[in-house]
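One file, final_5.txt, is given below (compact mmCIF, C-alpha atoms and all ligand atoms).
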```
# COMPACT_ATOMS: atom_id res chain seq x y z
CA MET K 1 12.69 41.23 -39.25
CA ARG K 2 12.67 39.74 -35.77
CA ARG K 3 9.10 40.88 -35.25
CA LEU K 4 8.08 39.13 -38.40
CA SER K 5 9.62 35.82 -37.37
CA ARG K 6 7.99 36.08 -33.95
CA LYS K 7 4.63 36.62 -35.61
CA LYS K 8 5.30 33.57 -37.73
CA ALA K 9 6.14 31.48 -34.71
CA LEU K 10 3.00 32.64 -32.95
CA SER K 11 0.84 31.72 -35.88
CA LEU K 12 2.55 28.33 -36.08
CA VAL K 13 1.76 27.67 -32.42
CA LYS K 14 -1.79 28.80 -33.09
CA GLU K 15 -2.00 26.27 -35.90
CA LEU K 16 -1.03 23.55 -33.45
CA ASP K 17 -3.94 24.33 -31.12
CA ALA K 18 -5.74 21.05 -30.49
CA PHE K 19 -8.44 22.80 -28.52
CA PRO K 20 -9.94 25.33 -30.94
CA LYS K 21 -12.59 27.51 -29.37
CA VAL K 22 -16.07 26.74 -30.60
CA SER K 23 -18.55 29.55 -30.30
CA GLU K 24 -21.31 28.83 -27.80
CA SER K 25 -23.97 29.22 -30.47
CA TYR K 26 -22.62 26.21 -32.34
CA VAL K 27 -22.73 23.97 -29.33
CA GLU K 28 -25.89 22.00 -29.03
CA THR K 29 -26.80 20.01 -25.92
CA SER K 30 -29.15 17.07 -25.95
CA ALA K 31 -30.83 14.86 -23.37
CA SER K 32 -29.09 11.74 -24.63
CA GLY K 33 -25.71 13.46 -24.49
CA GLY K 34 -26.45 14.57 -20.93
CA THR K 35 -27.37 11.06 -19.86
CA VAL K 36 -24.23 9.62 -21.39
CA SER K 37 -22.13 12.30 -19.70
CA LEU K 38 -23.75 11.51 -16.36
CA ILE K 39 -22.98 7.81 -16.77
CA ALA K 40 -19.44 8.59 -17.88
CA PHE K 41 -18.80 10.87 -14.90
CA SER K 42 -20.19 8.30 -12.48
CA ALA K 43 -17.99 5.60 -14.00
CA MET K 44 -14.97 7.90 -13.79
CA ALA K 45 -15.63 8.69 -10.16
CA LEU K 46 -16.14 5.03 -9.27
CA LEU K 47 -13.01 3.85 -11.06
CA ALA K 48 -10.96 6.72 -9.66
CA VAL K 49 -12.00 5.78 -6.12
CA LEU K 50 -11.21 2.09 -6.75
CA GLU K 51 -7.87 3.07 -8.23
CA PHE K 52 -7.15 5.11 -5.14
CA PHE K 53 -7.67 1.99 -3.01
CA VAL K 54 -5.27 0.09 -5.25
CA TYR K 55 -2.80 2.93 -4.79
CA ARG K 56 -3.17 2.81 -1.02
CA ASP K 57 -2.66 -0.96 -0.94
CA THR K 58 0.73 -2.61 -0.79
CA TRP K 59 1.91 -6.00 -1.94
CA MET K 60 4.81 -8.34 -1.28
CA LYS K 61 7.57 -8.89 -3.77
CA TYR K 62 9.65 -12.05 -3.53
CA GLU K 63 13.19 -12.17 -4.81
CA TYR K 64 15.49 -15.15 -4.72
CA ALA K 65 19.25 -15.09 -4.63
CA VAL K 66 22.08 -17.35 -3.61
CA ASP K 67 22.96 -16.82 0.03
CA LYS K 68 26.43 -15.29 0.06
CA ASP K 69 26.65 -14.84 3.79
CA PHE K 70 28.83 -17.75 4.86
CA SER K 71 30.45 -16.56 8.03
CA SER K 72 27.64 -15.35 10.24
CA LYS K 73 26.12 -17.32 13.07
CA LEU K 74 22.63 -18.67 13.11
CA ARG K 75 20.48 -18.07 16.12
CA ILE K 76 18.07 -20.78 17.24
CA ASN K 77 15.23 -19.88 19.56
CA ILE K 78 13.85 -22.79 21.52
CA ASP K 79 10.92 -23.26 23.85
CA ILE K 80 10.14 -26.93 24.32
CA THR K 81 8.43 -28.63 27.23
CA VAL K 82 9.25 -32.30 27.81
CA ALA K 83 7.21 -34.52 30.12
CA MET K 84 10.26 -35.46 32.20
CA LYS K 85 11.94 -34.02 35.25
CA CYS K 86 14.64 -31.43 34.53
CA GLN K 87 17.42 -33.37 36.25
CA HIS K 88 16.78 -36.27 33.87
CA VAL K 89 17.03 -34.50 30.51
CA GLY K 90 19.67 -32.54 28.69
CA ALA K 91 19.72 -30.63 25.44
CA ASP K 92 22.66 -29.90 23.23
CA ILE K 93 23.66 -29.25 19.66
CA LEU K 94 26.21 -30.98 17.47
CA ASP K 95 27.01 -29.67 14.01
CA LEU K 96 28.81 -30.79 10.89
CA ALA K 97 31.84 -28.73 11.81
CA GLU K 98 32.19 -31.17 14.72
CA THR K 99 31.63 -28.34 17.09
CA MET K 100 29.93 -29.02 20.31
CA ILE K 101 27.85 -25.98 20.98
CA THR K 102 27.53 -25.25 24.64
CA SER K 103 23.91 -25.05 25.46
CA SER K 104 24.48 -22.59 28.29
CA GLY K 105 22.00 -20.24 26.67
CA LEU K 106 19.24 -22.68 27.50
CA GLN K 107 17.34 -22.60 30.75
CA TYR K 108 15.68 -25.57 32.40
CA GLU K 109 12.53 -24.76 34.26
CA PRO K 110 10.38 -27.31 36.12
CA VAL K 111 6.76 -26.95 35.02
CA ILE K 112 3.46 -28.82 34.79
CA PHE K 113 2.98 -30.52 31.43
CA GLU K 114 -0.80 -30.19 31.28
CA LEU K 115 -2.07 -26.89 29.95
CA THR K 116 -4.73 -24.86 31.71
CA PRO K 117 -8.06 -24.43 29.86
CA GLN K 118 -7.05 -20.93 28.80
CA GLN K 119 -3.72 -22.12 27.44
CA ARG K 120 -5.53 -24.94 25.61
CA LEU K 121 -7.73 -22.36 23.94
CA TRP K 122 -4.67 -20.42 22.87
CA GLN K 123 -3.11 -23.60 21.47
CA ARG K 124 -6.25 -24.53 19.57
CA THR K 125 -6.37 -21.06 17.99
CA LEU K 126 -2.74 -21.45 16.99
CA HIS K 127 -3.50 -24.80 15.36
CA LEU K 128 -6.36 -23.21 13.46
CA ILE K 129 -4.07 -20.49 12.12
CA GLN K 130 -1.42 -23.08 11.27
CA GLY K 131 -3.97 -25.05 9.25
CA ARG K 132 -5.06 -21.98 7.36
CA LEU K 133 -1.46 -20.93 6.72
CA ARG K 134 -0.78 -24.24 5.05
CA GLU K 135 -3.76 -23.79 2.73
CA GLU K 136 -3.45 -20.13 1.85
CA HIS K 137 -0.13 -18.56 1.20
CA ALA K 138 -1.61 -15.07 1.04
CA LEU K 139 -2.21 -15.24 4.76
CA GLN K 140 1.54 -15.17 5.35
CA GLU K 141 1.70 -11.80 3.63
CA VAL K 142 -0.99 -10.45 5.90
CA LEU K 143 1.03 -11.67 8.87
CA TYR K 144 4.16 -10.01 7.51
CA LYS K 145 2.36 -6.72 7.05
CA THR K 146 0.88 -6.69 10.54
CA LEU K 147 4.07 -7.69 12.31
CA LEU K 148 4.66 -6.00 15.65
CA LYS K 149 1.07 -4.92 15.67
CA GLY K 150 -0.52 -8.20 16.59
CA ALA K 151 -0.71 -9.89 19.94
CA PRO K 152 2.33 -11.83 21.13
CA THR K 153 2.37 -15.38 19.86
CA ALA K 154 4.01 -16.83 22.95
CA LEU K 155 2.08 -19.19 25.17
CA PRO K 156 0.33 -17.19 27.90
CA PRO K 157 1.55 -18.01 31.44
CA ARG K 158 -0.51 -20.17 33.77
CA GLU K 159 -3.21 -18.09 35.33
CA ASP K 160 -3.42 -20.03 38.60
CA ALA K 161 -0.89 -21.14 41.19
CA SER K 162 -1.31 -24.89 40.94
CA THR K 163 -0.09 -27.26 43.62
CA GLU K 164 0.49 -30.17 41.22
CA PRO K 165 4.00 -31.59 41.23
CA LEU K 166 6.29 -30.10 38.61
CA THR K 167 7.04 -33.25 36.62
CA ALA K 168 7.84 -31.66 33.26
CA CYS K 169 10.75 -29.58 32.10
CA ARG K 170 10.57 -26.50 29.96
CA ILE K 171 13.75 -25.92 28.01
CA HIS K 172 13.89 -22.43 26.62
CA GLY K 173 16.34 -19.81 25.44
CA HIS K 174 18.49 -19.27 22.40
CA VAL K 175 21.82 -20.53 21.11
CA TYR K 176 24.10 -19.36 18.32
CA VAL K 177 25.36 -22.04 15.98
CA ASN K 178 27.51 -22.20 12.87
CA LYS K 179 25.64 -21.85 9.62
CA VAL K 180 26.06 -25.52 8.75
CA ALA K 181 23.85 -28.54 9.17
CA GLY K 182 23.47 -29.62 12.76
CA ASN K 183 21.49 -31.63 15.21
CA LEU K 184 19.75 -30.34 18.28
CA HIS K 185 18.81 -33.17 20.57
CA ILE K 186 17.07 -33.59 23.86
CA THR K 187 17.77 -36.95 25.48
CA VAL K 188 18.08 -38.55 28.85
CA GLY K 189 20.94 -37.36 31.04
CA LYS K 190 23.13 -34.30 31.06
CA PRO K 191 25.60 -33.96 28.20
CA ILE K 192 29.25 -34.49 29.16
CA HIS K 193 32.01 -33.27 26.87
CA HIS K 194 35.22 -35.19 26.52
CA PRO K 195 38.01 -35.09 23.92
CA GLN K 196 36.57 -37.88 21.79
CA GLY K 197 33.12 -36.42 21.59
CA HIS K 198 30.27 -36.22 23.98
CA ALA K 199 27.98 -38.50 25.91
CA HIS K 200 24.86 -38.25 27.98
CA ILE K 201 25.18 -39.56 31.50
CA ALA K 202 21.98 -41.42 32.18
CA ALA K 203 23.08 -44.00 34.72
CA PHE K 204 20.65 -43.11 37.45
CA VAL K 205 17.56 -42.65 35.33
CA SER K 206 15.32 -45.68 35.23
CA HIS K 207 13.65 -46.61 31.97
CA GLU K 208 10.19 -46.26 33.43
CA THR K 209 10.62 -42.54 33.84
CA TYR K 210 11.44 -42.02 30.16
CA ASN K 211 8.68 -39.99 28.57
CA PHE K 212 9.47 -37.95 25.52
CA SER K 213 6.00 -36.57 25.11
CA HIS K 214 6.64 -32.94 24.35
CA ARG K 215 5.18 -29.68 23.27
CA ILE K 216 6.97 -27.17 21.08
CA ASP K 217 5.73 -23.74 22.02
CA HIS K 218 8.28 -21.99 19.91
CA LEU K 219 11.04 -22.98 17.55
CA SER K 220 12.49 -20.43 15.20
CA PHE K 221 15.72 -19.38 13.58
CA GLY K 222 17.19 -15.91 13.39
CA GLU K 223 15.78 -12.85 15.04
CA GLU K 224 12.77 -13.44 17.19
CA ILE K 225 9.92 -11.34 15.87
CA PRO K 226 6.53 -11.35 17.58
CA GLY K 227 3.76 -12.00 15.08
CA ILE K 228 5.49 -14.58 12.91
CA ILE K 229 4.03 -18.04 13.28
CA ASN K 230 6.55 -20.80 12.70
CA PRO K 231 5.54 -24.21 11.37
CA LEU K 232 6.30 -26.11 14.56
CA ASP K 233 4.78 -23.68 17.04
CA GLY K 234 2.04 -25.35 19.01
CA THR K 235 3.05 -28.90 18.08
CA GLU K 236 2.18 -31.41 20.79
CA LYS K 237 3.23 -35.06 20.72
CA ILE K 238 2.03 -37.52 23.34
CA THR K 239 3.52 -40.97 23.51
CA TYR K 240 2.53 -43.93 25.67
CA ASN K 241 5.81 -45.67 25.08
CA ASN K 242 8.91 -45.05 27.16
CA ASN K 243 11.33 -45.53 24.29
CA GLN K 244 10.09 -43.17 21.66
CA MET K 245 12.25 -41.31 19.20
CA PHE K 246 10.97 -38.14 17.57
CA GLN K 247 12.77 -36.67 14.61
CA TYR K 248 12.26 -33.36 12.91
CA PHE K 249 14.08 -32.59 9.68
CA ILE K 250 14.23 -28.91 9.04
CA THR K 251 15.45 -26.91 6.07
CA VAL K 252 15.99 -23.29 6.97
CA VAL K 253 15.54 -20.62 4.31
CA PRO K 254 17.09 -17.25 5.19
CA THR K 255 14.49 -14.57 4.60
CA LYS K 256 15.15 -10.86 4.54
CA LEU K 257 12.02 -8.99 5.40
CA ASN K 258 11.52 -5.36 4.40
CA THR K 259 8.13 -3.96 5.17
CA TYR K 260 7.16 -0.37 5.94
CA LYS K 261 7.16 -1.16 9.63
CA ILE K 262 10.07 -3.46 10.06
CA SER K 263 13.13 -4.74 8.36
CA ALA K 264 14.60 -7.90 9.77
CA ASP K 265 16.59 -11.02 9.02
CA THR K 266 14.25 -13.90 9.67
CA HIS K 267 14.31 -17.51 8.64
CA GLN K 268 11.46 -19.54 7.27
CA PHE K 269 11.68 -23.26 7.42
CA SER K 270 10.04 -26.41 6.21
CA VAL K 271 9.70 -29.53 8.33
CA THR K 272 9.27 -33.25 7.90
CA GLU K 273 8.68 -35.26 10.99
CA ARG K 274 9.05 -38.91 11.91
CA GLU K 275 8.62 -40.88 15.05
CA ARG K 276 9.29 -44.46 15.97
CA VAL K 277 9.61 -46.75 18.94
CA ILE K 278 13.13 -47.83 19.83
CA ASN K 279 13.14 -51.59 20.25
CA HIS K 280 16.52 -53.22 19.85
CA ALA K 281 15.01 -56.68 19.84
CA ALA K 282 12.81 -55.80 16.85
CA GLY K 283 15.66 -54.18 14.93
CA SER K 284 14.60 -50.58 15.53
CA HIS K 285 17.81 -49.16 16.89
CA GLY K 286 18.65 -45.72 18.09
CA VAL K 287 18.39 -43.52 21.09
CA SER K 288 15.08 -42.38 22.44
CA GLY K 289 14.69 -38.64 22.55
CA ILE K 290 13.81 -35.63 20.50
CA PHE K 291 16.08 -34.88 17.56
CA VAL K 292 15.87 -31.74 15.48
CA LYS K 293 18.10 -31.96 12.42
CA TYR K 294 18.48 -28.66 10.64
CA ASP K 295 20.19 -27.56 7.49
CA THR K 296 20.34 -24.19 5.81
CA SER K 297 19.20 -23.65 2.25
CA SER K 298 21.57 -22.18 -0.29
CA LEU K 299 18.85 -19.85 -1.50
CA MET K 300 17.92 -16.66 0.20
CA VAL K 301 14.54 -15.00 -0.13
CA THR K 302 14.02 -11.28 0.06
CA VAL K 303 10.47 -10.26 0.80
CA SER K 304 9.81 -6.58 0.35
CA GLU K 305 6.65 -4.59 0.64
CA GLN K 306 5.91 -2.63 -2.51
CA HIS K 307 3.82 0.40 -3.13
CA MET K 308 2.54 2.01 -6.35
CA PRO K 309 4.51 5.23 -6.95
CA LEU K 310 2.54 8.48 -7.13
CA TRP K 311 3.40 9.18 -10.76
CA GLN K 312 2.04 5.77 -11.77
CA PHE K 313 -1.17 6.49 -9.90
CA LEU K 314 -1.54 9.83 -11.69
CA VAL K 315 -0.86 8.26 -15.09
CA ARG K 316 -3.46 5.58 -14.43
CA LEU K 317 -5.93 8.21 -13.28
CA CYS K 318 -5.43 10.18 -16.51
CA GLY K 319 -5.86 6.95 -18.45
CA ILE K 320 -9.16 6.22 -16.75
CA ILE K 321 -10.59 9.72 -17.17
CA GLY K 322 -9.44 10.23 -20.76
CA GLY K 323 -10.30 6.67 -21.77
CA ILE K 324 -13.84 6.78 -20.46
CA PHE K 325 -14.38 10.25 -21.87
CA SER K 326 -13.41 9.38 -25.41
CA THR K 327 -14.92 5.88 -25.35
CA THR K 328 -18.33 7.09 -24.23
CA GLY K 329 -18.16 9.90 -26.78
CA MET K 330 -17.54 7.39 -29.54
CA LEU K 331 -20.24 5.04 -28.25
CA HIS K 332 -22.70 7.89 -28.06
CA GLY K 333 -21.92 8.87 -31.62
CA LEU K 334 -22.25 5.28 -32.82
CA VAL K 335 -25.55 4.73 -31.04
CA GLY K 336 -26.91 8.02 -32.38
CA PHE K 337 -25.85 7.06 -35.89
CA CYS K 338 -27.52 3.63 -35.65
CA PHE K 339 -30.63 5.25 -34.22
CA ASP K 340 -30.79 7.67 -37.11
CA VAL K 341 -30.35 4.90 -39.66
CA VAL K 342 -33.10 2.78 -38.08
CA CYS K 343 -35.45 5.76 -37.84
CA CYS K 344 -34.96 7.02 -41.34
CA ARG K 345 -34.79 3.69 -43.11
CA PHE K 346 -37.47 1.65 -41.45
CA LYS K 347 -39.96 4.03 -39.82
CA LEU K 348 -42.15 4.03 -42.91
CA GLY K 349 -44.84 6.60 -43.59
CA VAL K 350 -43.69 9.14 -41.13
CA TYR K 351 -43.88 12.48 -42.78
CA ARG K 352 -41.41 14.98 -41.52
CA PRO K 353 -41.38 18.19 -43.47
CA ARG K 354 -37.92 19.46 -44.04
CA ALA K 355 -37.31 23.16 -43.76
CA ASP K 356 -35.79 23.57 -47.20
CA VAL K 357 -38.61 21.59 -48.85
CA GLN K 358 -41.21 23.75 -47.14
CA LEU K 359 -39.47 26.81 -48.41
CA TYR K 360 -39.47 25.35 -51.89
CA ASN K 361 -43.19 24.58 -51.66
CA GLN K 362 -44.01 28.05 -50.45
CA ALA K 363 -41.93 29.65 -53.12
CA ASN K 364 -43.83 27.77 -55.77
CA ASN K 365 -47.22 28.62 -54.21
CA LEU K 366 -48.13 25.04 -53.93
CA ASN K 367 -51.27 24.60 -51.93
CA HIS K 368 -52.02 21.71 -49.66
CA HIS K 369 -54.16 19.85 -52.12
CA GLN K 370 -51.38 19.42 -54.47
CA THR K 371 -48.91 16.66 -53.92
CA PRO K 372 -46.02 18.26 -52.12
CA LEU K 373 -42.47 17.30 -52.64
CA LEU K 374 -41.71 14.53 -50.19
CA ALA K 375 -39.22 15.22 -47.54
CA ASP K 376 -38.15 11.65 -47.15
CA GLU K 377 -36.92 9.38 -49.82
CA ALA K 378 -38.97 6.59 -48.33
CA PRO K 379 -41.97 5.59 -50.44
CA GLN K 380 -45.45 6.39 -49.16
CA GLU K 381 -47.87 3.77 -48.00
C1 LIG K 401 3.93 -39.15 29.20
O1 LIG K 401 3.29 -37.96 29.66
C2 LIG K 401 2.04 -37.68 29.08
C3 LIG K 401 1.55 -36.35 29.62
O2 LIG K 401 1.67 -36.25 30.97
C4 LIG K 401 1.07 -38.82 29.35
O3 LIG K 401 -0.17 -38.57 28.74
C5 LIG K 401 1.65 -40.11 28.80
O4 LIG K 401 0.83 -41.22 29.14
C6 LIG K 401 3.04 -40.35 29.39
N1 LIG K 401 3.65 -41.51 28.70
C7 LIG K 401 4.31 -42.46 29.35
C8 LIG K 401 4.91 -43.52 28.53
O5 LIG K 401 4.42 -42.45 30.56
```
Kindly transcribe the structure held in the file into structure tokens.
Amino acid sequence: MRRLSRKKALSLVKELDAFPKVSESYVETSASGGTVSLIAFSAMALLAVLEFFVYRDTWMKYEYAVDKDFSSKLRINIDITVAMKCQHVGADILDLAETMITSSGLQYEPVIFELTPQQRLWQRTLHLIQGRLREEHALQEVLYKTLLKGAPTALPPREDASTEPLTACRIHGHVYVNKVAGNLHITVGKPIHHPQGHAHIAAFVSHETYNFSHRIDHLSFGEEIPGIINPLDGTEKITYNNNQMFQYFITVVPTKLNTYKISADTHQFSVTERERVINHAAGSHGVSGIFVKYDTSSLMVTVSEQHMPLWQFLVRLCGIIGGIFSTTGMLHGLVGFCFDVVCCRFKLGVYRPRADVQLYNQANNLNHHQTPLLADEAPQE
């Protein structure tokens, strides 16, 4: 009883065979079929190789969410050179929370404002990259992917020991601020804190020495990652007026970066800039200096590097191979069919004896002088 049911099951499975064996003697090969197979195999190989490159490649996925992190501190990295002596300028940060952030994390270093030819070259290259970055967004992805691999983006140090007087001041370092809007400013005089607020003591600085020409070698928010190029890096502003006010309005977008090499909390930002001459007589009031107003965006961007999973690659490979195989088979059949139709219908007067007709003629002892039965239905000329 059990044996019988097993036999039944076996025969049922046999019925399901989608690949029935065809005896070799029934298989006929042809030159056209061979050519089509060759083309199909080449196409398969080519597409499979291309697909492999797609599989090897990675791409960036952008996700946006509301920033829920409201208690952490924001780090600001600064490297600005001002064309004034260090004892004459001071930098500090005031924020909306009315907190005076001590700028003790900042160092003042007397330097020469003019760049050496090699540093100029570096700056020009940076400007070139900046220009390209503004035009093509895809370049940013390339930068993200090659982070930590590329050369450092910091200004190279002076290659010679110059004897020029050190008339400029490089202010560099980092400070931690509250994650609220704030204002980083560099003005004349050292900041003094008192209970009612703060002031810059500038009594002994004469107006003629005011020169807020500056160069921003680096300004970024969050972790400092070599390889990322920030929008203001390399900016140089020269003014011929003593009372110039420069303003930068920055919106910081927190960006979580997850690539295969690095995962970091960075911050992208967008900038608008303005500058004007302070002239109280002409109604242009204010304080000369460099003002960087920043605010954080409520949106957070997560950039993650994505990769095609292996199973998807295999499925696509099967699709390519099977698809080409069956499509070329169908095309071959169609072309052969059309060819046959054209041959048989319109190639008039071609006499092709058919085996069965010949047999019939022989059987009836028809000799060649008699009109034989025509093989083709086509009328004779
Ligand atoms: C400020 O310094 C720069 C660079 O040294 C110079 O080109 C410019 O003329 C100076 N401006 C004033 C107002 O002195």
Write out as a PDB file with C-alpha atoms, keeping the file's coordinate frame each polymer residue (protein, DNA or RNA) that has an atom no more than 12 Å from ligand LIG 401 (chain K), with only C-alpha atoms and all ligand atoms counted.
```pdb
ATOM      1  CA  THR K  81       8.430 -28.630  27.230  1.00  0.00           C
ATOM      2  CA  VAL K  82       9.250 -32.300  27.810  1.00  0.00           C
ATOM      3  CA  ALA K  83       7.210 -34.520  30.120  1.00  0.00           C
ATOM      4  CA  MET K  84      10.260 -35.460  32.200  1.00  0.00           C
ATOM      5  CA  LYS K  85      11.940 -34.020  35.250  1.00  0.00           C
ATOM      6  CA  VAL K 111       6.760 -26.950  35.020  1.00  0.00           C
ATOM      7  CA  ILE K 112       3.460 -28.820  34.790  1.00  0.00           C
ATOM      8  CA  PHE K 113       2.980 -30.520  31.430  1.00  0.00           C
ATOM      9  CA  GLU K 114      -0.800 -30.190  31.280  1.00  0.00           C
ATOM     10  CA  LEU K 115      -2.070 -26.890  29.950  1.00  0.00           C
ATOM     11  CA  GLU K 164       0.490 -30.170  41.220  1.00  0.00           C
ATOM     12  CA  PRO K 165       4.000 -31.590  41.230  1.00  0.00           C
ATOM     13  CA  LEU K 166       6.290 -30.100  38.610  1.00  0.00           C
ATOM     14  CA  THR K 167       7.040 -33.250  36.620  1.00  0.00           C
ATOM     15  CA  ALA K 168       7.840 -31.660  33.260  1.00  0.00           C
ATOM     16  CA  CYS K 169      10.750 -29.580  32.100  1.00  0.00           C
ATOM     17  CA  HIS K 207      13.650 -46.610  31.970  1.00  0.00           C
ATOM     18  CA  GLU K 208      10.190 -46.260  33.430  1.00  0.00           C
ATOM     19  CA  THR K 209      10.620 -42.540  33.840  1.00  0.00           C
ATOM     20  CA  TYR K 210      11.440 -42.020  30.160  1.00  0.00           C
ATOM     21  CA  ASN K 211       8.680 -39.990  28.570  1.00  0.00           C
ATOM     22  CA  PHE K 212       9.470 -37.950  25.520  1.00  0.00           C
ATOM     23  CA  SER K 213       6.000 -36.570  25.110  1.00  0.00           C
ATOM     24  CA  HIS K 214       6.640 -32.940  24.350  1.00  0.00           C
ATOM     25  CA  ARG K 215       5.180 -29.680  23.270  1.00  0.00           C
ATOM     26  CA  GLU K 236       2.180 -31.410  20.790  1.00  0.00           C
ATOM     27  CA  LYS K 237       3.230 -35.060  20.720  1.00  0.00           C
ATOM     28  CA  ILE K 238       2.030 -37.520  23.340  1.00  0.00           C
ATOM     29  CA  THR K 239       3.520 -40.970  23.510  1.00  0.00           C
ATOM     30  CA  TYR K 240       2.530 -43.930  25.670  1.00  0.00           C
ATOM     31  CA  ASN K 241       5.810 -45.670  25.080  1.00  0.00           C
ATOM     32  CA  ASN K 242       8.910 -45.050  27.160  1.00  0.00           C
ATOM     33  CA  ASN K 243      11.330 -45.530  24.290  1.00  0.00           C
ATOM     34  CA  GLN K 244      10.090 -43.170  21.660  1.00  0.00           C
ATOM     35  CA  VAL K 277       9.610 -46.750  18.940  1.00  0.00           C
ATOM     36  CA  SER K 288      15.080 -42.380  22.440  1.00  0.00           C
TER      37      SER K 288
END
```
Problem - Selection near His218 (chain K), 6 Å with only C-alpha atoms, sequence-local residues under 6 positions removed, as number ranges by chain - result: K: 78-79, 233
Handout entry: Counting only C-alpha atoms, the option among K:Lys145, K:Arg316, K:Arg134, K:Lys179 closest to Ser297 (chain K)
Key = K:Lys179
Handout entry: Length of the CA of His280 (chain K) to CA of Asp295 (chain K) vector [Å]
Key =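 That distance, rounded to one decimal, is 28.7 Å.
CA of Glu135 (chain K) to CA of Pro231 (chain K) spans 12.7 Å [interatomic distance, one decimal].
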Exercise for the section: Would you list the contacts of Leu128 (chain K) as a PyMOL selection string, taking every protein, DNA or RNA residue within 12 Å and counting all atoms listed in the file, but skipping same-chain residues closer than 5 positions in sequence? Expected result: chain K and resi 121-123+133-135+229+233-235
Practice task
Can you work out the spacing between CA of Val253 (chain K) and CA of Val301 (chain K) in Å, to one decimal?
Solution key: 7.2 Å
Give me, as CSV, each residue of region 225-316 of chain K that comes within 7 Å of region 49-71 of chain K, together with its shortest interatomic pair and the distance in Å at one decimal, counting all atoms listed in the file, with rows ordered by chain and rising residue number.
```
residue,atom,partner,partner_atom,distance
K:Ser298,CA,K:Asp67,CA,5.5
K:Leu299,CA,K:Val66,CA,4.6
K:Met300,CA,K:Asp67,CA,5.0
K:Val301,CA,K:Tyr64,CA,4.7
K:Thr302,CA,K:Glu63,CA,5.0
K:Val303,CA,K:Tyr62,CA,4.8
K:Ser304,CA,K:Lys61,CA,5.2
K:Glu305,CA,K:Met60,CA,4.6
K:Gln306,CA,K:Trp59,CA,5.3
K:His307,CA,K:Thr58,CA,4.9
K:Met308,CA,K:Tyr55,CA,5.6
K:Phe313,CA,K:Tyr55,CA,6.4
```
Problem - Residue nearest Phe291 (chain K) among K:Gly105, K:Gly182, K:Gly34, K:Gly131 (counting only C-alpha atoms) - result: K:Gly182
